[in-house]
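The data block below is run_29.txt; it holds compact mmCIF, C-alpha atoms.
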```
# COMPACT_ATOMS: atom_id res chain seq x y z
CA MET C 1361 -17.77 -53.37 36.91
CA LYS C 1362 -15.13 -53.04 34.27
CA LYS C 1363 -17.71 -53.69 31.56
CA ILE C 1364 -20.04 -51.02 32.95
CA LEU C 1365 -17.21 -48.50 33.14
CA LEU C 1366 -16.15 -49.39 29.60
CA ILE C 1367 -19.70 -48.88 28.30
CA VAL C 1368 -20.13 -45.63 30.24
CA PHE C 1369 -16.88 -44.15 28.95
CA THR C 1370 -17.26 -45.28 25.37
CA LEU C 1371 -20.93 -44.57 24.84
CA ASN C 1372 -21.10 -41.44 26.98
CA GLY C 1373 -20.99 -39.12 24.00
CA MET C 1374 -23.78 -40.96 22.19
CA ILE C 1375 -26.11 -41.21 25.20
CA PHE C 1376 -25.62 -37.61 26.36
CA PRO C 1377 -25.17 -35.54 23.24
CA GLN C 1378 -25.43 -31.73 23.36
CA LEU C 1379 -29.14 -31.25 23.80
CA ASN C 1380 -29.06 -28.21 26.01
CA ASP C 1381 -30.61 -25.18 24.27
CA SER C 1382 -27.87 -22.86 25.50
CA LEU C 1383 -25.40 -24.94 23.52
CA ASN C 1384 -27.34 -24.72 20.29
CA PHE C 1385 -24.78 -22.79 18.31
CA HIS C 1386 -27.25 -21.91 15.60
CA SER C 1387 -29.83 -20.20 17.79
CA PRO C 1388 -30.22 -16.46 16.93
CA ASP C 1389 -28.96 -15.45 20.37
CA ASN C 1390 -25.79 -17.51 20.01
CA ILE C 1391 -25.18 -16.34 16.43
CA ASN C 1392 -25.41 -12.79 17.74
CA LYS C 1393 -22.97 -13.55 20.58
CA PHE C 1394 -20.58 -15.27 18.21
CA ALA C 1395 -20.77 -12.39 15.71
CA ASP C 1396 -20.10 -9.88 18.52
CA HIS C 1397 -17.16 -12.00 19.64
CA LEU C 1398 -15.77 -11.99 16.08
CA TYR C 1399 -16.30 -8.24 15.83
CA TYR C 1400 -14.41 -7.54 19.05
CA SER C 1401 -11.68 -9.98 17.94
CA LYS C 1402 -11.34 -7.73 14.85
CA ASP C 1403 -12.41 -10.54 12.52
CA TYR C 1404 -14.70 -8.11 10.73
CA PHE C 1405 -15.30 -10.08 7.56
CA ARG C 1406 -16.59 -13.19 9.37
CA ALA C 1407 -18.49 -10.98 11.84
CA SER C 1408 -20.39 -9.36 8.96
CA LEU C 1409 -21.22 -12.82 7.57
CA GLU C 1410 -22.56 -13.96 10.95
CA TYR C 1411 -24.64 -10.79 11.32
CA GLU C 1412 -26.06 -11.38 7.84
CA ARG C 1413 -26.95 -14.95 8.89
CA LEU C 1414 -28.67 -13.55 11.97
CA LEU C 1415 -30.66 -11.21 9.76
CA ASN C 1416 -32.31 -14.24 8.13
CA PHE C 1417 -33.70 -15.30 11.53
CA VAL C 1418 -34.45 -11.93 13.09
CA PRO C 1419 -34.73 -8.89 10.78
CA ASN C 1420 -33.47 -6.04 12.90
CA ASP C 1421 -32.10 -2.56 12.19
CA THR C 1422 -29.49 -2.89 14.95
CA THR C 1423 -28.11 -5.91 13.14
CA VAL C 1424 -28.01 -3.96 9.85
CA PHE C 1425 -26.14 -1.23 11.71
CA LYS C 1426 -23.69 -3.80 13.07
CA ILE C 1427 -23.18 -5.20 9.55
CA GLY C 1428 -22.37 -1.68 8.40
CA LEU C 1429 -19.87 -1.24 11.23
CA ALA C 1430 -18.21 -4.60 10.50
CA LYS C 1431 -17.90 -3.72 6.82
CA GLN C 1432 -16.60 -0.28 7.64
CA ASN C 1433 -13.90 -1.74 9.89
CA GLY C 1434 -13.17 -4.43 7.30
CA LYS C 1435 -12.54 -1.63 4.75
CA GLN C 1436 -15.53 -2.64 2.58
CA TYR C 1437 -16.51 1.00 2.47
CA ASN C 1438 -18.99 0.97 -0.43
CA LEU C 1439 -20.99 -1.87 1.15
CA ALA C 1440 -20.94 -0.12 4.53
CA LEU C 1441 -22.17 3.11 2.93
CA SER C 1442 -25.05 1.24 1.35
CA ASP C 1443 -26.05 -0.28 4.74
CA PHE C 1444 -25.95 3.07 6.56
CA ASN C 1445 -27.79 4.73 3.68
CA ASP C 1446 -30.59 2.14 3.97
CA LEU C 1447 -30.95 2.92 7.67
CA ILE C 1448 -31.01 6.68 6.98
CA ASN C 1449 -33.74 6.19 4.37
CA LYS C 1450 -35.72 4.10 6.88
CA LYS C 1451 -35.08 6.84 9.50
CA SER C 1452 -33.85 4.16 11.85
CA LEU C 1453 -31.00 4.80 14.30
CA LEU C 1454 -30.81 8.10 12.50
CA SER C 1455 -28.10 10.05 14.31
CA GLU C 1456 -25.80 7.02 14.69
CA SER C 1457 -26.31 6.06 11.06
CA TYR C 1458 -25.54 9.60 9.90
CA ILE C 1459 -22.33 9.69 11.94
CA GLN C 1460 -21.18 6.30 10.65
CA TYR C 1461 -22.18 7.22 7.07
CA TYR C 1462 -19.98 10.31 7.19
CA LYS C 1463 -17.21 8.48 9.03
CA THR C 1464 -17.21 5.84 6.26
CA LEU C 1465 -17.01 8.57 3.62
CA PHE C 1466 -14.05 10.02 5.50
CA LEU C 1467 -12.32 6.64 5.91
CA ALA C 1468 -12.80 5.85 2.22
CA GLU C 1469 -11.23 9.25 1.46
CA TYR C 1470 -14.31 10.33 -0.51
CA ASP C 1471 -13.61 13.89 0.58
CA SER C 1472 -15.37 15.66 -2.29
CA LEU C 1473 -18.49 13.50 -1.79
CA LEU C 1474 -18.45 14.19 1.95
CA ILE C 1475 -18.10 17.92 1.40
CA THR C 1476 -20.88 18.11 -1.22
CA SER C 1477 -23.31 15.88 0.71
CA TYR C 1478 -22.68 17.73 3.97
CA SER C 1479 -25.79 19.52 5.22
CA ASN C 1480 -27.25 20.87 8.41
CA ARG C 1481 -30.33 18.64 8.67
CA PHE C 1482 -29.37 16.47 11.66
CA TYR C 1483 -31.67 15.92 14.58
CA ASP C 1484 -29.31 14.98 17.32
CA GLU C 1485 -26.96 17.68 18.63
CA VAL C 1486 -24.14 15.15 19.20
CA ALA C 1487 -24.47 13.84 15.63
CA TYR C 1488 -24.55 17.42 14.37
CA HIS C 1489 -21.39 18.09 16.36
CA ASP C 1490 -19.53 15.01 15.07
CA ILE C 1491 -20.50 15.47 11.42
CA HIS C 1492 -19.27 19.06 11.57
CA LYS C 1493 -15.96 17.70 12.83
CA LEU C 1494 -15.69 15.13 10.04
CA TYR C 1495 -16.57 17.81 7.50
CA PHE C 1496 -13.84 20.05 8.86
CA LEU C 1497 -11.25 17.21 8.86
CA SER C 1498 -12.19 16.42 5.27
CA LEU C 1499 -11.67 20.06 4.32
CA ILE C 1500 -8.19 19.99 5.89
CA ARG C 1501 -7.20 16.76 4.17
CA SER C 1502 -8.42 17.80 0.73
CA GLY C 1503 -6.97 21.31 1.07
CA GLN C 1504 -10.35 22.94 0.29
CA ILE C 1505 -10.56 24.95 3.50
CA LYS C 1506 -11.70 28.59 3.21
CA GLY C 1507 -11.94 31.59 5.56
CA LYS C 1508 -15.42 30.96 7.06
CA ASP C 1509 -14.70 27.26 7.67
CA PHE C 1510 -12.16 28.17 10.36
CA GLU C 1511 -15.11 28.87 12.71
CA LEU C 1512 -15.70 25.10 12.84
CA LEU C 1513 -12.44 24.78 14.77
CA GLU C 1514 -14.38 25.94 17.84
CA ARG C 1515 -16.17 22.57 17.91
CA PHE C 1516 -12.98 20.81 18.99
CA ASN C 1517 -11.60 20.79 22.52
CA LYS C 1518 -8.48 22.75 23.49
CA GLU C 1519 -5.99 19.93 22.92
CA GLU C 1520 -7.51 18.89 19.58
CA LYS C 1521 -7.60 22.51 18.48
CA THR C 1522 -3.85 22.93 19.10
CA VAL C 1523 -2.97 19.81 17.11
CA LEU C 1524 -5.36 20.65 14.25
CA LYS C 1525 -3.99 24.19 13.99
CA ARG C 1526 -0.53 22.69 13.49
CA PHE C 1527 -1.86 20.37 10.78
CA LEU C 1528 -3.64 23.32 9.17
CA GLU C 1529 -0.41 25.31 9.04
CA ARG C 1530 1.33 22.35 7.40
CA LYS C 1531 -1.47 22.04 4.84
CA ILE C 1532 -1.84 25.74 4.03
CA GLN C 1533 1.88 26.52 4.01
CA PRO C 1534 3.59 23.23 3.15
CA ASP C 1535 7.36 23.07 3.07
CA HIS C 1536 7.36 22.71 -0.74
CA LYS C 1537 10.30 23.38 -3.05
CA SER C 1538 9.87 25.20 -6.34
CA PRO C 1539 10.75 23.06 -9.41
CA ILE C 1540 11.52 26.23 -11.41
CA LEU C 1541 13.89 27.56 -8.75
CA ALA C 1542 15.60 24.14 -8.55
CA ALA C 1543 16.12 24.16 -12.34
CA VAL C 1544 17.44 27.75 -12.29
CA LEU C 1545 19.85 26.97 -9.46
CA SER C 1546 21.18 23.94 -11.36
CA SER C 1547 21.63 25.99 -14.49
CA VAL C 1548 23.76 28.52 -12.55
CA ILE C 1549 25.89 25.94 -10.71
CA PRO C 1550 25.45 22.26 -11.71
CA GLY C 1551 24.06 20.26 -8.79
CA LEU C 1552 22.88 23.28 -6.75
CA GLY C 1553 19.23 22.50 -7.54
CA LYS C 1554 19.69 18.99 -6.16
CA ILE C 1555 21.25 20.39 -3.00
CA TYR C 1556 18.23 22.76 -2.70
CA THR C 1557 15.94 19.70 -2.77
CA ALA C 1558 18.05 17.99 -0.05
CA ARG C 1559 19.74 15.51 -2.42
CA TYR C 1560 23.26 16.54 -1.37
CA GLU C 1561 25.14 13.48 -2.67
CA GLU C 1562 23.47 13.70 -6.07
CA GLY C 1563 24.24 17.43 -6.26
CA ILE C 1564 27.94 16.78 -5.66
CA ALA C 1565 27.94 13.92 -8.21
CA ALA C 1566 26.25 16.16 -10.82
CA PHE C 1567 28.78 18.94 -10.21
CA LEU C 1568 31.74 16.54 -10.53
CA LEU C 1569 30.42 14.81 -13.70
CA THR C 1570 29.67 18.08 -15.49
CA THR C 1571 32.91 19.81 -14.54
CA VAL C 1572 35.20 16.79 -15.09
CA PHE C 1573 33.80 16.16 -18.61
CA GLY C 1574 33.94 19.91 -19.29
CA TYR C 1575 37.58 20.01 -18.20
CA LEU C 1576 38.40 16.94 -20.36
CA SER C 1577 36.78 18.66 -23.32
CA TYR C 1578 38.78 21.86 -22.66
CA THR C 1579 42.13 20.04 -22.41
CA ASN C 1580 41.38 18.00 -25.57
CA PHE C 1581 40.51 21.13 -27.55
CA GLU C 1582 43.68 22.75 -26.19
CA ALA C 1583 45.73 19.75 -27.38
CA ASP C 1584 43.98 19.99 -30.75
CA HIS C 1585 42.08 16.67 -30.33
CA LYS C 1586 38.87 18.11 -31.74
CA ILE C 1587 36.83 14.90 -32.05
CA ARG C 1588 37.50 13.85 -28.46
CA GLY C 1589 36.93 17.47 -27.42
CA TRP C 1590 33.46 17.45 -28.99
CA ILE C 1591 32.60 14.05 -27.50
CA PHE C 1592 33.51 15.23 -23.99
CA ALA C 1593 31.79 18.59 -24.55
CA GLY C 1594 28.63 16.79 -25.67
CA THR C 1595 28.71 14.47 -22.67
CA SER C 1596 29.28 17.37 -20.30
CA PHE C 1597 26.37 19.26 -21.87
CA LEU C 1598 24.05 16.24 -21.56
CA PHE C 1599 24.94 15.85 -17.88
CA TYR C 1600 24.39 19.59 -17.39
CA ALA C 1601 20.98 19.54 -19.15
CA GLY C 1602 19.98 16.27 -17.47
CA ASN C 1603 20.81 17.79 -14.10
CA ILE C 1604 18.66 20.86 -14.75
CA TYR C 1605 15.77 18.60 -15.71
CA GLY C 1606 16.47 16.22 -12.81
CA SER C 1607 16.49 19.09 -10.29
CA ALA C 1608 12.97 20.08 -11.32
CA ALA C 1609 11.87 16.43 -11.07
CA SER C 1610 13.62 16.16 -7.70
CA ALA C 1611 11.64 19.18 -6.39
CA ASN C 1612 8.42 17.46 -7.48
CA ILE C 1613 9.45 14.30 -5.64
CA TYR C 1614 10.35 16.36 -2.55
CA ASN C 1615 6.87 17.94 -2.63
CA ALA C 1616 5.22 14.53 -3.04
CA ALA C 1617 7.17 13.34 0.03
CA VAL C 1618 5.96 16.36 2.05
CA ASN C 1619 2.35 15.65 1.03
CA LEU C 1620 2.59 11.95 1.82
CA ARG C 1621 4.21 12.70 5.20
CA PHE C 1622 1.33 15.08 6.01
CA ASP C 1623 -1.31 12.51 5.01
CA THR C 1624 0.41 9.77 7.02
CA ASP C 1625 0.75 11.94 10.15
CA PHE C 1626 -2.81 13.27 9.85
CA ASN C 1627 -4.37 9.83 9.39
CA PHE C 1628 -2.22 8.39 12.20
CA TYR C 1629 -3.36 11.12 14.61
CA LEU C 1630 -7.01 10.69 13.69
CA LYS C 1631 -6.90 6.90 13.86
CA ASN C 1632 -5.34 7.01 17.32
CA ASN C 1633 -8.03 9.44 18.48
CA ASP C 1634 -11.06 7.65 16.98
CA TYR C 1635 -11.43 10.35 14.32
CA LEU C 1636 -12.29 12.80 17.12
CA ILE C 1637 -15.83 11.43 17.21
CA THR C 1638 -17.60 11.76 20.56
CA LYS C 1639 -20.53 9.45 19.85
CA GLU C 1640 -18.97 6.04 19.21
CA PRO C 1641 -21.35 3.10 18.88
CA VAL C 1642 -21.15 0.64 21.77
CA PHE C 1643 -23.08 -2.59 21.78
CA LYS C 1644 -23.03 -5.70 23.92
CA MET R 393 -13.38 -70.85 18.65
CA LYS R 394 -16.00 -72.14 20.97
CA PHE R 395 -13.55 -74.44 22.65
CA LEU R 396 -10.52 -72.19 22.53
CA LEU R 397 -11.82 -68.94 24.06
CA SER R 398 -13.30 -68.30 27.49
CA ARG R 399 -16.34 -66.06 27.87
CA ARG R 400 -14.26 -63.06 28.95
CA SER R 401 -11.93 -63.56 26.04
CA LYS R 402 -14.89 -63.67 23.67
CA ILE R 403 -16.05 -60.27 24.94
CA HIS R 404 -12.54 -58.88 24.49
CA PHE R 405 -12.47 -60.33 21.00
CA VAL R 406 -15.82 -58.77 20.05
CA LEU R 407 -14.81 -55.40 21.52
CA LEU R 408 -11.58 -55.59 19.61
CA ILE R 409 -13.46 -56.26 16.37
CA ILE R 410 -15.74 -53.26 17.02
CA PHE R 411 -13.08 -50.80 18.12
CA PHE R 412 -10.29 -51.81 15.83
CA PRO R 413 -11.78 -50.18 12.71
CA VAL R 414 -12.82 -47.14 14.72
CA LEU R 415 -9.43 -46.62 16.34
CA PHE R 416 -7.07 -47.68 13.61
CA CYS R 417 -8.87 -47.53 10.30
CA ASN R 418 -10.11 -44.03 11.05
CA ASN R 419 -6.81 -42.46 10.03
CA GLY R 420 -6.70 -44.58 6.93
CA ILE R 421 -10.18 -43.59 5.78
CA LEU R 422 -9.99 -39.93 6.69
CA ALA R 423 -6.33 -39.44 5.94
CA GLN R 424 -5.24 -36.02 4.78
CA GLY R 425 -5.00 -35.79 1.06
CA ASN R 426 -3.43 -33.03 -0.96
CA TRP R 427 0.03 -34.55 -0.70
CA ASP R 428 1.51 -32.03 -3.13
CA LYS R 429 1.00 -29.37 -0.54
CA TRP R 430 2.80 -31.18 2.25
CA GLN R 431 5.67 -32.93 0.54
CA LYS R 432 9.14 -31.52 0.22
CA THR R 433 9.35 -28.60 -2.20
CA LYS R 434 11.86 -28.42 -4.98
CA ILE R 435 14.03 -25.37 -4.46
CA ASN R 436 15.34 -23.54 -7.49
CA TYR R 437 18.80 -22.13 -6.76
CA ILE R 438 19.11 -20.27 -10.06
CA VAL R 439 19.15 -16.53 -9.45
CA GLU R 440 16.52 -14.76 -11.50
CA VAL R 441 18.22 -12.14 -13.64
CA ASP R 442 16.14 -9.04 -13.83
CA LEU R 443 16.79 -8.15 -17.47
CA LYS R 444 14.13 -7.56 -20.05
CA GLU R 445 14.49 -9.72 -23.12
CA ARG R 446 16.61 -7.92 -25.66
CA ASP R 447 15.14 -7.33 -29.07
CA TYR R 448 17.77 -6.24 -31.59
CA SER R 449 15.45 -6.03 -34.62
CA TYR R 450 14.65 -2.73 -36.37
CA GLU R 451 11.38 -3.91 -37.92
CA ASN R 452 8.38 -1.54 -37.98
CA LEU R 453 10.16 1.29 -36.15
CA SER R 454 9.70 5.03 -36.61
CA VAL R 455 12.70 7.41 -36.90
CA ASP R 456 12.55 8.02 -33.11
CA GLY R 457 12.36 4.28 -32.56
CA VAL R 458 15.44 3.61 -34.72
CA ILE R 459 17.49 6.20 -32.81
CA LEU R 460 16.28 4.85 -29.46
CA LYS R 461 16.95 1.24 -30.45
CA SER R 462 20.46 2.13 -31.72
CA ALA R 463 21.25 3.95 -28.47
CA ALA R 464 19.93 0.99 -26.45
CA ILE R 465 22.00 -1.52 -28.48
CA LEU R 466 25.12 0.63 -28.04
CA TYR R 467 24.47 0.83 -24.28
CA TRP R 468 23.87 -2.94 -24.05
CA SER R 469 27.10 -3.66 -25.96
CA PHE R 470 29.43 -1.13 -24.29
CA PHE R 471 28.03 -0.95 -20.75
CA SER R 472 25.50 -3.65 -19.76
CA ASP R 473 27.45 -6.63 -21.17
CA LEU R 474 30.68 -5.48 -19.52
CA ASP R 475 29.23 -4.25 -16.25
CA GLY R 476 26.84 -7.15 -15.71
CA ASP R 477 23.86 -6.94 -13.36
CA ASN R 478 25.47 -4.29 -11.14
CA CYS R 479 23.11 -1.35 -11.49
CA PRO R 480 21.96 -0.43 -7.95
CA PHE R 481 18.52 0.56 -9.20
CA HIS R 482 15.42 -1.16 -10.47
CA PRO R 483 14.68 -0.80 -13.37
CA SER R 484 18.30 -0.83 -14.57
CA CYS R 485 19.68 2.24 -16.37
CA SER R 486 19.18 0.83 -19.89
CA ASN R 487 15.60 -0.22 -19.11
CA PHE R 488 15.02 3.17 -17.48
CA PHE R 489 16.12 4.87 -20.73
CA ILE R 490 13.84 2.71 -22.87
CA GLU R 491 10.84 3.11 -20.53
CA SER R 492 11.31 6.86 -20.06
CA SER R 493 11.58 7.41 -23.84
CA ARG R 494 8.42 5.37 -24.33
CA GLN R 495 6.54 7.28 -21.65
CA THR R 496 7.64 10.73 -22.85
CA ASN R 497 9.72 11.33 -25.99
CA LEU R 498 13.31 10.78 -27.10
CA VAL R 499 14.63 14.20 -25.94
CA GLN R 500 12.97 14.07 -22.51
CA GLY R 501 13.92 10.40 -22.18
CA THR R 502 17.58 11.28 -22.85
CA LEU R 503 17.51 14.01 -20.18
CA MET R 504 15.90 11.58 -17.73
CA PHE R 505 18.56 9.00 -18.55
CA PHE R 506 21.47 11.42 -17.89
CA ASP R 507 19.85 12.48 -14.63
CA ARG R 508 19.54 8.80 -13.70
CA PHE R 509 23.20 8.32 -14.60
CA THR R 510 24.07 11.12 -12.15
CA ARG R 511 22.05 9.38 -9.45
CA ASP R 512 23.77 6.12 -10.33
CA ALA R 513 27.18 7.80 -9.96
CA SER R 514 26.22 9.37 -6.62
CA PHE R 515 28.30 7.57 -4.03
CA ALA R 516 26.22 7.58 -0.85
CA GLY R 517 22.88 8.23 0.78
CA ARG R 518 20.68 6.18 -1.52
CA HIS R 519 18.97 4.54 1.45
CA LYS R 520 17.75 8.00 2.51
CA HIS R 521 15.87 8.59 -0.73
CA TYR R 522 14.73 5.36 -2.35
CA PRO R 523 12.43 2.47 -1.44
CA LEU R 524 13.69 -1.08 -1.84
CA TYR R 525 12.48 -3.34 -4.57
CA ILE R 526 11.91 -7.04 -3.82
CA ASN R 527 15.13 -7.98 -5.67
CA GLY R 528 17.17 -5.93 -3.15
CA LYS R 529 17.77 -2.97 -5.45
CA PHE R 530 16.62 0.62 -4.99
CA TYR R 531 13.30 1.25 -6.68
CA ASP R 532 13.46 4.22 -9.03
CA PRO R 533 10.71 4.08 -11.71
CA PRO R 534 10.78 6.52 -14.68
CA GLY R 535 7.20 7.64 -13.89
CA ASN R 536 8.52 9.70 -10.96
CA TYR R 537 10.64 11.86 -13.28
CA THR R 538 8.22 12.70 -16.10
CA LEU R 539 7.22 16.01 -14.37
CA ASN R 540 3.63 14.77 -14.60
CA PRO R 541 2.08 14.47 -11.10
CA GLU R 542 -0.27 11.71 -12.33
CA PHE R 543 2.64 9.33 -12.84
CA LEU R 544 4.42 10.26 -9.61
CA HIS R 545 4.02 7.61 -6.91
CA TYR R 546 6.18 8.44 -3.93
CA HIS R 547 7.11 5.77 -1.38
CA PHE R 548 8.97 6.38 1.85
CA PRO R 549 12.68 5.44 1.75
CA MET R 550 13.46 1.77 2.45
CA THR R 551 9.81 0.73 2.07
CA LEU R 552 9.65 -2.70 0.47
CA ILE R 553 8.06 -2.66 -2.98
CA ILE R 554 6.69 -6.05 -3.99
CA LYS R 555 5.24 -5.22 -7.39
CA GLU R 556 6.15 -2.67 -10.04
CA GLU R 557 3.55 0.05 -10.63
```
As structure tokens - that is how I would like this structure written.
Amino acid sequence: MKKILLIVFTLNGMIFPQLNDSLNFHSPDNINKFADHLYYSKDYFRASLEYERLLNFVPNDTTVFKIGLAKQNGKQYNLALSDFNDLINKKSLLSESYIQYYKTLFLAEYDSLLITSYSNRFYDEVAYHDIHKLYFLSLIRSGQIKGKDFELLERFNKEEKTVLKRFLERKIQPDHKSPILAAVLSSVIPGLGKIYTARYEEGIAAFLLTTVFGYLSYTNFEADHKIRGWIFAGTSFLFYAGNIYGSAASANIYNAAVNLRFDTDFNFYLKNNDYLITKEPVFK
Amino acid sequence: MKFLLSRRSKIHFVLLIIFFPVLFCNNGILAQGNWDKWQKTKINYIVEVDLKERDYSYENLSVDGVILKSAAILYWSFFSDLDGDNCPFHPSCSNFFIESSRQTNLVQGTLMFFDRFTRDASFAGRHKHYPLYINGKFYDPPGNYTLNPEFLHYHFPMTLIIKEE
């Protein structure tokens, strides 16, 4: 009995290997399931590889579409654009492919390309609706929005409209500081330009350095120490001139911070709301 | 053998001969290689000093270059050598001066340097304005101060910068 049990336990794996078809991991159906699993686990790179492997067994436009989606999510935007473009040329999955093509352009921040390639030749009303939205969002982000484009705001629902109006205000009238004004302010009172650009500590430091060296120069000239007087005067002047220059540079940095904050907030809002697209691809 | 072992013992012996290589030699044959990866690493405790190599020579320099090099040598001798590696910014003030003069010109580079000196002398609030470089210093590249938007790369304060741009 012991011998039988020993043989059964040891040779079990050899006698009963995995012969069941459902456990054939390389069957097209299982490759598809595995690729879908990878996609939903956000392992987009490997998902796209599995879909490409599936394409060798079963050429299928849905699989090409899935490859495009996996590449889009994996930030391989140029490859994704090529996949969606192929589908558009084949007129397969047309409205979905158009939406994803424009979404990829938006994600890749190819705003000028999106705006120039935007047209009204879409068959599906939902696709038409979504592409209008992406076009409008691209106009906001790139700052190319004009009077007649504001009509497109009507395509968004009430809540989206409120948020987008706020973003539009921030884009059209950003809280920028003028570099020229900052330089002028610093030339009137050293450090004032820095304070104008919200660099309070640096403004105070600039004021102290300029005035202290100026005072040292004055007292040295008064005591007839001309060489020291000129050295301190020169140093004070360089701090004064450097501060005027630095205030203009500081205003530029302030403006860059405002722009970056806008871009970050805008992208964060869109990402959390699926880029305001109504027709999202769902596949099982 | 024939006389020493019973039948049951013979079976055990044969089984042992079959399974021994499988059970025990397996690890030996398929042992993990790449020992360099897994063995104890040698830790270097020497702190990397973030100073660019100093070149004191005046060979093949233009008039601007001679003035810039003289100013840099004076700064190295009277400030850097005495102060040590205590500049709160990356790149350090002397490197900032050299880089800014290279990127723009001597006059603009001097103005940028004095502005940097003001920021260096500012006593508080640096964490509200500057990102952090990997060496623990505040990252303040000269490109942000050239007044040319192409060179301006803004990062949010206290963001960790791994590599210089």
Original post:
Please, what distance in Å, to one decimal, runs between atom CA of Asp1471 of chain C and atom CA of Ser1502 of chain C?
Top reply: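 Interatomic distance, atom CA of Asp1471 of chain C to atom CA of Ser1502 of chain C: 6.5 Å.
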**OP:** Show me which bits of chain C are within 6 Å of chain R, counting all atoms listed in the file, as number ranges by chain.
**Re:** C: 1561-1562, 1565-1566, 1599, 1602-1603, 1606, 1609
Would you compute the box with edges along x, y and z of the file around segment 1601-1609 of chain C, including every atom the file lists for it and 4 Å extra on each side, and give its centre and edge lengths in Å to one decimal, as lines of an AutoDock Vina configuration file?
```
center_x = 16.4
center_y = 18.5
center_z = -14.7
size_x = 17.1
size_y = 12.6
size_z = 16.9
```
**OP:** Considering all atoms listed in the file, return as a VMD selection string whatever protein or nucleic-acid residues lie within 10 Å of Tyr467 of chain R, sequence-local ones (same chain, fewer than 4 positions apart) excluded.
**Re:** chain R and resid 461 to 463 471 to 473 485 to 486 489
Go ahead and dump the residues you just picked, C-alpha atoms, as a PDB file, in the frame of the given file.
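again-v3.pdb, freshly written:
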```
ATOM      1  CA  LYS R 461      16.950   1.240 -30.450  1.00  0.00           C
ATOM      2  CA  SER R 462      20.460   2.130 -31.720  1.00  0.00           C
ATOM      3  CA  ALA R 463      21.250   3.950 -28.470  1.00  0.00           C
ATOM      4  CA  PHE R 471      28.030  -0.950 -20.750  1.00  0.00           C
ATOM      5  CA  SER R 472      25.500  -3.650 -19.760  1.00  0.00           C
ATOM      6  CA  ASP R 473      27.450  -6.630 -21.170  1.00  0.00           C
ATOM      7  CA  CYS R 485      19.680   2.240 -16.370  1.00  0.00           C
ATOM      8  CA  SER R 486      19.180   0.830 -19.890  1.00  0.00           C
ATOM      9  CA  PHE R 489      16.120   4.870 -20.730  1.00  0.00           C
TER      10      PHE R 489
END
```
Original post:
Skipping near chain neighbours, those fewer than 3 positions away, what residues fall within 10 Å of Ile553 of chain R using only C-alpha atoms, listed as a list in words?
Top reply: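 Skipping anything fewer than 3 positions along the chain leaves Pro523, Leu524, Tyr525, Ile526, Asn527, Gly528, Phe530, Tyr531, His547, Met550, Glu556 and Glu557 of chain R.
Shortest separation to Leu498 of chain R among R:Asp456, R:Asp477, R:Asp428, R:Glu451 occurs at residue R:Asp456, atoms counted being all atoms listed in the file.
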**OP:** With a distance cut-off of 12 Å and all atoms listed in the file, select the neighbouring residues of Ala1558 of chain C, excluding the residue or stretch itself and same-chain residues fewer than 3 positions from it, and output the selection as a ChimeraX atom specification.
**Re:** /C:1536-1537,1542,1551-1555,1561-1564,1607,1610-1611,1613-1615,1617 /R:517,520-521
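Going from atom CA of Thr1557 of chain C to atom CA of Pro1534 of chain C covers 14.1 Å.
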**OP:** Could you check how far atom CA of Tyr1399 of chain C sits from atom CA of Gln1432 of chain C, in Å to one decimal?
**Re:** 11.4 Å
**OP:** May I have the residues within 12 Å of Leu1439 of chain C as a list of chain:residue names, using all atoms listed in the file and disregarding those fewer than 2 positions away in the same chain?
**Re:** C:Phe1405, C:Ser1408, C:Val1424, C:Phe1425, C:Ile1427, C:Gly1428, C:Leu1429, C:Ala1430, C:Lys1431, C:Gln1432, C:Asn1433, C:Gly1434, C:Lys1435, C:Gln1436, C:Tyr1437, C:Leu1441, C:Ser1442, C:Asp1443, C:Phe1444, C:Asn1445, C:Asp1446, C:Tyr1461, C:Thr1464, C:Leu1465, C:Ala1468
Original post:
At a cut-off of 12 Å from (31.7, 12.0, -22.7) in the coordinates of the file, what residues are picked up using all atoms listed in the file, written as a PyMOL selection string?
Top reply: (chain C and resi 1569-1577+1580+1587-1600) or (chain R and resi 506)
Subject >> Nearest-residue call for Leu1541 of chain C, choices C:Tyr1560, C:Lys1402, C:Lys1463, C:Tyr1605, using all atoms listed in the file >> reply: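 That would be C:Tyr1605, the residue with the smallest distance to Leu1541 of chain C.
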